[in-house]
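Trainee: my_file.csv is the file, holding CSV, C-alpha atoms:
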chain,number,residue,atom,x,y,z
O,27,MET,CA,32.3,63.8,71.0
O,28,THR,CA,35.7,62.4,69.9
O,29,ALA,CA,36.4,58.7,69.7
O,30,GLU,CA,38.5,58.7,73.0
O,31,THR,CA,35.7,60.5,74.7
O,32,VAL,CA,33.2,58.0,73.6
O,33,ILE,CA,35.4,55.1,74.8
O,34,LEU,CA,35.9,56.8,78.2
O,35,ALA,CA,32.3,57.7,78.6
O,36,GLY,CA,31.3,54.1,77.7
O,37,TYR,CA,33.7,52.9,80.4
O,38,ALA,CA,32.3,55.3,83.0
O,39,ALA,CA,28.7,54.5,82.1
O,40,GLY,CA,29.3,50.7,82.1
O,41,LEU,CA,31.1,50.7,85.4
O,42,ARG,CA,29.1,48.9,88.1
O,43,PHE,CA,29.3,50.2,91.6
O,44,GLU,CA,30.1,46.6,92.8
O,45,ASP,CA,33.2,46.6,90.6
O,46,ILE,CA,34.8,49.6,92.4
O,47,PRO,CA,37.3,48.5,95.1
O,48,PRO,CA,36.1,49.5,98.6
O,49,GLU,CA,39.3,51.7,99.2
O,50,VAL,CA,38.4,53.7,96.1
O,51,VAL,CA,34.8,54.2,97.3
O,52,ALA,CA,36.1,55.3,100.7
O,53,ARG,CA,38.5,57.8,99.1
O,54,ALA,CA,35.8,59.1,96.8
O,55,LYS,CA,33.5,59.7,99.8
O,56,ASP,CA,36.3,61.6,101.6
O,57,CYS,CA,37.0,63.8,98.5
O,58,ILE,CA,33.3,64.6,98.1
O,59,ALA,CA,32.9,65.4,101.8
O,60,ASP,CA,36.0,67.6,101.6
O,61,THR,CA,34.7,69.5,98.5
O,62,VAL,CA,31.3,70.0,100.1
O,63,ALA,CA,33.0,71.2,103.4
O,64,ALA,CA,35.1,73.7,101.4
O,65,VAL,CA,32.1,75.0,99.5
O,66,VAL,CA,30.0,75.3,102.7
O,67,PHE,CA,32.7,77.1,104.5
O,68,GLY,CA,33.7,79.4,101.7
O,69,HIS,CA,30.4,80.2,99.8
O,70,ASP,CA,29.7,83.5,101.6
O,71,LEU,CA,33.2,84.8,102.0
O,72,PRO,CA,33.7,88.2,100.4
O,73,TRP,CA,36.0,86.9,97.7
O,74,SER,CA,33.9,83.8,96.8
O,75,ALA,CA,31.6,83.7,93.7
O,76,PHE,CA,29.8,81.0,91.9
O,77,VAL,CA,30.9,81.2,88.2
O,78,PRO,CA,28.9,78.9,85.9
O,79,ALA,CA,30.8,77.6,82.9
O,80,ASP,CA,29.4,77.9,79.4
O,81,GLN,CA,29.8,74.1,78.9
O,82,TYR,CA,28.8,71.5,81.4
O,83,THR,CA,31.7,69.0,81.9
O,84,VAL,CA,32.3,65.8,83.7
O,85,LYS,CA,35.8,65.0,85.0
O,86,LEU,CA,37.2,61.5,84.5
O,87,GLU,CA,40.2,60.2,86.4
O,88,GLY,CA,41.4,56.6,86.5
O,89,ALA,CA,44.2,54.3,87.4
O,90,GLU,CA,45.5,51.0,86.1
O,91,LEU,CA,47.4,48.1,87.5
O,92,VAL,CA,51.1,48.4,86.4
O,93,GLY,CA,52.3,45.1,87.9
O,94,TYR,CA,53.7,43.7,91.1
O,95,GLN,CA,56.7,45.2,92.9
O,96,SER,CA,59.6,44.0,95.0
O,97,VAL,CA,62.3,46.3,96.3
O,98,VAL,CA,65.8,45.9,97.7
O,99,ILE,CA,67.3,48.4,100.1
O,100,GLY,CA,71.1,48.5,100.3
O,101,SER,CA,73.9,51.0,100.9
O,102,VAL,CA,77.4,51.7,99.7
O,103,ARG,CA,80.3,53.2,101.7
O,104,ASP,CA,83.3,52.5,99.4
O,105,PRO,CA,84.5,55.9,98.0
O,106,TYR,CA,85.8,54.2,94.9
O,107,ILE,CA,82.3,53.0,94.1
O,108,ILE,CA,80.6,56.2,95.2
O,109,ARG,CA,82.7,58.3,92.8
O,110,GLN,CA,81.6,56.2,89.8
O,111,ILE,CA,78.1,55.4,91.0
O,112,ASP,CA,76.3,56.3,87.7
O,113,GLU,CA,78.7,54.2,85.6
O,114,TRP,CA,78.5,51.4,88.2
O,115,LEU,CA,74.7,51.4,88.2
O,116,ALA,CA,74.6,51.4,84.4
O,117,ARG,CA,76.9,48.3,84.3
O,118,LEU,CA,74.7,46.8,87.0
O,119,GLN,CA,71.5,47.4,84.9
O,120,ASP,CA,73.2,45.6,81.9
O,121,LYS,CA,74.3,42.7,84.1
O,122,ILE,CA,70.8,42.3,85.6
O,123,ARG,CA,69.1,42.5,82.2
O,124,SER,CA,71.4,40.0,80.7
O,125,ARG,CA,70.9,37.6,83.6
O,126,VAL,CA,67.1,38.0,83.3
O,127,ARG,CA,67.3,37.2,79.6
O,128,ASP,CA,69.3,34.0,80.4
O,129,ILE,CA,66.8,32.8,82.9
O,130,TYR,CA,63.5,33.8,81.3
O,131,ARG,CA,64.4,33.8,77.6
O,132,ASP,CA,61.2,34.4,75.6
O,133,GLU,CA,58.9,34.2,78.7
O,134,LEU,CA,59.8,37.8,79.8
O,135,ARG,CA,60.9,40.4,77.3
O,136,ASP,CA,63.1,43.4,78.3
O,137,ASN,CA,60.2,45.8,78.1
O,138,GLU,CA,57.9,43.7,80.3
O,139,TYR,CA,59.6,44.6,83.6
O,140,VAL,CA,61.0,47.9,85.0
O,141,LEU,CA,64.0,48.3,87.2
O,142,ASN,CA,64.4,51.8,88.8
O,143,VAL,CA,67.1,52.8,91.3
O,144,HIS,CA,66.7,55.6,93.7
O,145,VAL,CA,70.1,56.9,94.9
O,146,TYR,CA,69.7,58.6,98.3
O,147,GLY,CA,72.6,60.8,99.0
O,148,LYS,CA,72.8,61.9,95.4
O,149,ASN,CA,69.3,62.6,93.9
O,150,GLY,CA,67.0,60.2,95.8
O,151,THR,CA,64.5,62.9,96.7
O,152,MET,CA,64.3,65.0,93.6
O,153,GLY,CA,65.4,62.6,90.8
O,154,ALA,CA,65.4,64.4,87.5
O,155,LEU,CA,64.7,67.8,89.2
O,156,GLU,CA,67.8,67.7,91.4
O,157,PRO,CA,70.0,70.7,90.5
O,158,VAL,CA,73.0,69.7,92.7
O,159,SER,CA,75.4,67.6,90.6
O,160,ASN,CA,78.7,67.9,92.5
O,161,ALA,CA,77.7,66.4,95.9
O,162,SER,CA,80.4,64.3,97.6
O,163,PRO,CA,78.6,62.1,100.1
O,164,HIS,CA,80.5,59.5,102.2
O,165,GLU,CA,77.7,56.9,101.8
O,166,LEU,CA,74.8,56.3,99.5
O,167,CYS,CA,71.5,54.4,100.0
O,168,LEU,CA,70.3,52.5,97.0
O,169,LEU,CA,66.7,51.6,96.7
O,170,PHE,CA,66.1,49.1,93.8
O,171,GLU,CA,62.5,49.0,92.6
O,172,VAL,CA,61.5,46.1,90.4
O,173,THR,CA,58.1,46.0,88.8
O,174,ALA,CA,57.0,42.9,86.8
O,175,PRO,CA,53.9,41.1,85.6
O,176,THR,CA,53.7,38.8,88.7
O,177,GLN,CA,54.9,39.0,92.3
O,178,GLU,CA,57.0,35.9,91.8
O,179,VAL,CA,58.8,37.4,88.8
O,180,ALA,CA,59.3,40.7,90.6
O,181,THR,CA,60.9,38.9,93.6
O,182,SER,CA,63.0,36.7,91.4
O,183,ILE,CA,64.4,39.8,89.6
O,184,ALA,CA,64.9,41.6,92.9
O,185,SER,CA,67.0,38.6,94.1
O,186,ILE,CA,69.0,38.7,90.8
O,187,THR,CA,69.5,42.5,91.4
O,188,ARG,CA,70.8,41.9,95.0
O,189,HIS,CA,73.2,39.2,93.8
O,190,GLN,CA,74.6,41.2,90.9
O,191,ALA,CA,74.9,44.4,93.0
O,192,LEU,CA,76.6,42.5,95.8
O,193,HIS,CA,79.5,41.5,93.7
O,194,LEU,CA,79.7,43.9,90.7
O,195,PRO,CA,83.5,44.6,90.4
O,196,ILE,CA,85.2,47.9,89.9
O,197,PRO,CA,88.7,48.4,88.3
O,198,GLU,CA,90.3,49.7,91.5
O,199,TRP,CA,89.9,46.4,93.3
O,200,SER,CA,91.0,42.9,92.1
O,201,GLY,CA,89.2,39.8,93.2
O,202,LEU,CA,85.7,39.4,94.5
O,203,ILE,CA,84.2,42.5,96.2
O,204,THR,CA,81.1,42.8,98.3
O,205,ALA,CA,79.8,46.2,97.2
O,206,LEU,CA,76.4,46.4,98.8
O,207,ALA,CA,75.5,46.5,102.5
O,208,ALA,CA,72.0,45.0,103.0
O,209,PRO,CA,70.2,45.5,106.3
O,210,PHE,CA,67.7,42.6,105.7
O,211,SER,CA,67.8,39.0,104.9
O,212,PRO,CA,66.2,38.0,102.6
O,213,ALA,CA,67.2,41.4,101.0
O,214,TYR,CA,63.9,41.9,99.1
O,215,LEU,CA,60.6,43.3,100.3
O,216,GLU,CA,57.4,42.4,98.5
O,217,ARG,CA,55.2,45.5,97.8
O,218,GLY,CA,52.3,43.7,96.1
O,219,PRO,CA,50.3,45.3,93.3
O,220,VAL,CA,51.1,48.8,92.1
O,221,TYR,CA,49.0,51.3,90.2
O,222,ARG,CA,49.4,54.4,88.2
O,223,PHE,CA,47.2,57.2,86.8
O,224,ASN,CA,46.1,56.5,83.2
O,225,VAL,CA,43.0,58.6,82.7
O,226,ASN,CA,42.8,62.4,83.0
O,227,HIS,CA,40.0,63.6,80.9
O,228,VAL,CA,37.2,66.1,80.7
O,229,VAL,CA,34.0,65.1,78.9
O,230,GLU,CA,31.8,67.8,77.4
O,231,VAL,CA,28.3,66.3,77.8
O,232,ASP,CA,25.1,67.5,76.1
O,233,ASP,CA,23.1,66.6,79.2
O,234,PRO,CA,24.6,66.6,82.7
O,235,LEU,CA,23.0,63.3,83.5
O,236,GLU,CA,23.7,61.4,80.2
O,237,MET,CA,26.7,59.5,81.6
O,238,PHE,CA,24.9,58.4,84.8
O,239,ARG,CA,22.4,55.6,85.1
O,240,ILE,CA,19.7,56.4,87.7
O,241,GLU,CA,17.6,53.6,89.2
O,242,HIS,CA,14.6,54.5,91.4
O,243,VAL,CA,13.8,52.0,94.1
O,244,GLU,CA,10.7,52.3,96.2
O,245,VAL,CA,11.3,51.4,99.8
O,246,GLY,CA,8.7,50.8,102.6
O,247,SER,CA,5.0,51.0,101.8
I,30,MET,CA,72.5,89.6,99.4
I,31,THR,CA,69.8,87.7,101.4
I,32,LYS,CA,68.6,84.2,100.6
I,33,LEU,CA,64.9,83.8,99.8
I,34,ALA,CA,64.5,81.4,102.7
I,35,GLU,CA,65.5,84.1,105.1
I,36,LEU,CA,62.8,86.5,103.9
I,37,ALA,CA,59.9,84.1,103.4
I,38,SER,CA,57.8,82.7,106.2
I,39,LEU,CA,57.2,79.5,104.3
I,40,ILE,CA,58.5,77.9,101.1
I,41,ARG,CA,56.7,74.7,100.2
I,42,SER,CA,56.0,72.3,97.4
I,43,LYS,CA,53.1,69.9,96.8
I,44,ASN,CA,51.2,68.2,94.1
I,45,ALA,CA,48.6,70.1,92.1
I,46,GLY,CA,46.9,67.0,90.8
I,47,PRO,CA,48.9,64.0,89.8
I,48,PHE,CA,50.6,65.8,86.8
I,49,GLN,CA,51.8,69.1,88.2
I,50,LEU,CA,54.1,70.2,91.0
I,51,THR,CA,53.3,73.5,92.7
I,52,PHE,CA,55.5,75.9,94.8
I,53,ASP,CA,54.3,78.5,97.3
I,54,VAL,CA,56.6,81.2,98.7
I,55,MET,CA,54.8,83.1,101.5
I,56,PHE,CA,55.6,86.2,103.5
I,57,ASP,CA,54.5,87.5,106.8
I,58,ASP,CA,54.8,91.2,106.0
I,59,ARG,CA,54.3,93.3,102.9
I,60,GLU,CA,57.7,94.9,103.1
I,61,ARG,CA,59.6,91.6,102.6
I,62,TYR,CA,57.2,90.5,99.9
I,63,GLU,CA,57.6,93.8,98.0
I,64,ARG,CA,61.4,93.6,98.4
I,65,VAL,CA,61.4,90.1,96.8
I,66,ARG,CA,59.0,91.1,94.1
I,67,ALA,CA,60.9,94.3,93.2
I,68,SER,CA,64.3,92.5,93.1
I,69,GLY,CA,63.3,90.7,89.9
I,70,ARG,CA,65.3,87.7,91.2
I,71,ILE,CA,62.3,85.3,91.1
I,72,SER,CA,60.4,84.7,87.9
I,73,ALA,CA,59.2,82.0,85.6
I,74,ALA,CA,62.8,82.0,84.2
I,75,THR,CA,64.3,81.5,87.7
I,76,ILE,CA,62.0,78.5,88.3
I,77,ALA,CA,62.8,77.0,84.9
I,78,LYS,CA,66.5,77.3,85.6
I,79,ALA,CA,66.2,75.9,89.2
I,80,TYR,CA,64.4,72.8,88.0
I,81,GLY,CA,65.8,72.4,84.5
I,82,VAL,CA,62.4,72.7,82.8
I,83,ARG,CA,61.3,74.9,79.8
I,84,GLU,CA,60.2,78.4,80.8
I,85,ALA,CA,57.1,78.0,78.6
I,86,ASP,CA,56.1,75.1,80.9
I,87,VAL,CA,56.3,77.2,84.1
I,88,MET,CA,53.1,78.9,85.4
I,89,PHE,CA,54.1,81.8,87.6
I,90,PHE,CA,52.1,84.3,89.7
I,91,PHE,CA,52.7,87.1,92.2
I,92,VAL,CA,49.6,87.1,94.4
I,93,ASP,CA,49.8,90.5,96.0
I,94,ASN,CA,46.7,90.3,98.3
I,95,ALA,CA,48.1,87.0,99.8
I,96,LEU,CA,51.7,88.2,100.0
I,97,ALA,CA,52.7,85.1,98.2
I,98,ILE,CA,54.4,83.8,95.0
I,99,LYS,CA,53.0,80.7,93.3
I,100,ALA,CA,54.6,78.7,90.5
I,101,SER,CA,53.8,75.3,89.0
I,102,ILE,CA,55.8,73.0,86.7
I,103,PRO,CA,54.9,69.6,85.1
I,104,ARG,CA,56.0,66.6,87.1
I,105,PRO,CA,58.9,64.8,85.4
I,106,VAL,CA,57.3,61.6,86.7
I,107,PHE,CA,53.5,61.5,87.4
I,108,GLN,CA,52.5,61.1,91.0
I,109,GLY,CA,52.8,57.4,92.0
I,110,ASP,CA,54.1,56.3,88.6
I,111,LEU,CA,57.1,54.0,88.6
I,112,GLY,CA,60.2,55.8,89.8
I,113,ASP,CA,58.4,58.7,91.4
I,114,PRO,CA,60.7,59.7,94.3
I,115,ASP,CA,58.2,61.9,96.2
I,116,GLY,CA,54.5,60.9,96.2
I,117,HIS,CA,53.3,64.1,97.9
I,118,GLY,CA,55.8,66.3,96.1
I,119,GLY,CA,56.5,67.8,99.5
I,120,GLN,CA,60.3,67.9,99.4
I,121,GLN,CA,60.9,69.6,96.0
I,122,TYR,CA,61.3,73.2,97.2
I,123,ALA,CA,64.9,73.2,98.4
I,124,PRO,CA,66.4,74.7,95.3
I,125,LEU,CA,64.3,77.8,95.8
I,126,MET,CA,65.7,78.5,99.3
I,127,ASP,CA,69.1,79.6,98.1
I,128,ILE,CA,67.9,82.2,95.5
I,129,ASP,CA,69.8,85.4,96.2
I,130,ILE,CA,67.5,88.4,96.7
Is it possible to express this structure as structure tokens?

Mentor:
Amino acid sequence: MTAETVILAGYAAGLRFEDIPPEVVARAKDCIADTVAAVVFGHDLPWSAFVPADQYTVKLEGAELVGYQSVVIGSVRDPYIIRQIDEWLARLQDKIRSRVRDIYRDELRDNEYVLNVHVYGKNGTMGALEPVSNASPHELCLLFEVTAPTQEVATSIASITRHQALHLPIPEWSGLITALAAPFSPAYLERGPVYRFNVNHVVEVDDPLEMFRIEHVEVGS
Amino acid sequence: MTKLAELASLIRSKNAGPFQLTFDVMFDDRERYERVRASGRISAATIAKAYGVREADVMFFFVDNALAIKASIPRPVFQGDLGDPDGHGGQQYAPLMDIDI
């Protein structure tokens, strides 16, 4: 087995049932029940066949805590801003990052938090996959998504985001503008901890049971 | 010219695991399915172009006995990762609707 496989197998083997969050256990039960149901229903259909693999494998999947999230929802109706939204958002990112540096200095480096913006009305649904590049919407919804090491920091950056977005100027207007329509006050919503997939692995085991500890307990008399 | 959406009974997208996005184009009758298949207008290259991914990354199948076309591409953002706009991957099929057959 390769080094990564040994590490992952060690993690899986050392994991105690009590350490698994109840939601994960409930979801695992659902998945197993679903698989069994599909097998029972489909096993004798004409196009079904059991095809044993040459190598016995165990699938490992896992997730990790990324951080804590706060989001701000706002919208823009000014056509001057809408027509330069990408450039406006790039300037906004710079402003926010510079403000965060001023406040946190060495306590929070640039790469320790993530600020994503979903632009609904432009590519909010498809993001990088959106093929339409010449849409001309009359309004845009902006969803700012801040992920940071603690909820407190995420919310603080979300507040900075709201404040900077609210008044970020454009050349067409002179004086203070209010660029963002916010439906809520306070403008941020706390989303709590967020997770992401970090393990997708297949272990080729010598023995199907080698990764699993089995304890026999005698009950009754 | 007819749009793919007018010929198909269902065009849909969904996650195939957290790292892949899969598309199904399904038909109610063989005639329409064969017409689309014979047109040559839908292929791995079409999918690559519609989504701006490399053709080598597209898995593409005609499934004759199911009257269906299936294609899969890598997700640009893994399911649920920061910035993922569509956790179920369910609204990613729209660019396929307008393919001219």

Trainee: If we count all atoms listed in the file and set the cut-off at 6 Å, which residues sit around segment 78-91 of chain I, ignoring sequence neighbours fewer than 5 positions away in its own chain? Please answer as number ranges by chain.

Mentor: O: 155; I: 73, 98-102

Trainee: Would you mind exporting C-alpha atoms of the selected residues as a PDB file, in the frame of the given file?

Mentor:
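Result file follows (again.pdb):
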ATOM      1  CA  LEU O 155      64.700  67.800  89.200  1.00  0.00           C
TER       2      LEU O 155
ATOM      3  CA  ALA I  73      59.200  82.000  85.600  1.00  0.00           C
ATOM      4  CA  ILE I  98      54.400  83.800  95.000  1.00  0.00           C
ATOM      5  CA  LYS I  99      53.000  80.700  93.300  1.00  0.00           C
ATOM      6  CA  ALA I 100      54.600  78.700  90.500  1.00  0.00           C
ATOM      7  CA  SER I 101      53.800  75.300  89.000  1.00  0.00           C
ATOM      8  CA  ILE I 102      55.800  73.000  86.700  1.00  0.00           C
TER       9      ILE I 102
END

Trainee: Please provide the set of residues having any atom within 10 Å of Thr31 of chain O, restricted to all atoms listed in the file, with same-chain residues fewer than 2 positions apart removed, written as a list in words.

Mentor: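 Within the cut-off, the hits are Met27, Thr28, Ala29, Ile33, Leu34, Ala35, Gly36, Tyr37, Leu86, His227, Val228, Val229, Glu230 and Val231 of chain O.
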
Trainee: Once you count only C-alpha atoms, what closest atom pair and distance in Å to one decimal does each residue of chain O within 6 Å of chain I have, with rows by chain and rising residue number, as a Markdown table?

Mentor:
| residue | atom | partner | partner_atom | distance |
| --- | --- | --- | --- | --- |
| O:Asn142 | CA | I:Gly112 | CA | 5.9 |
| O:Thr151 | CA | I:Pro114 | CA | 5.5 |
| O:Leu155 | CA | I:Tyr80 | CA | 5.2 |
| O:Arg222 | CA | I:Asp110 | CA | 5.1 |

Trainee: Could you give me, as an MDAnalysis selection string, the residues within 9 Å of segment 62-69 of chain I, counting all atoms listed in the file and dropping anything in the same chain fewer than 2 positions from it?

Mentor: chainID I and resid 33 36:37 55:60 71:72 91 93 96:98 130

Trainee: Using Å and a single decimal, report how far atom CA of Glu30 of chain O sits from atom CA of Glu236 of chain O.

Mentor: 16.7 Å
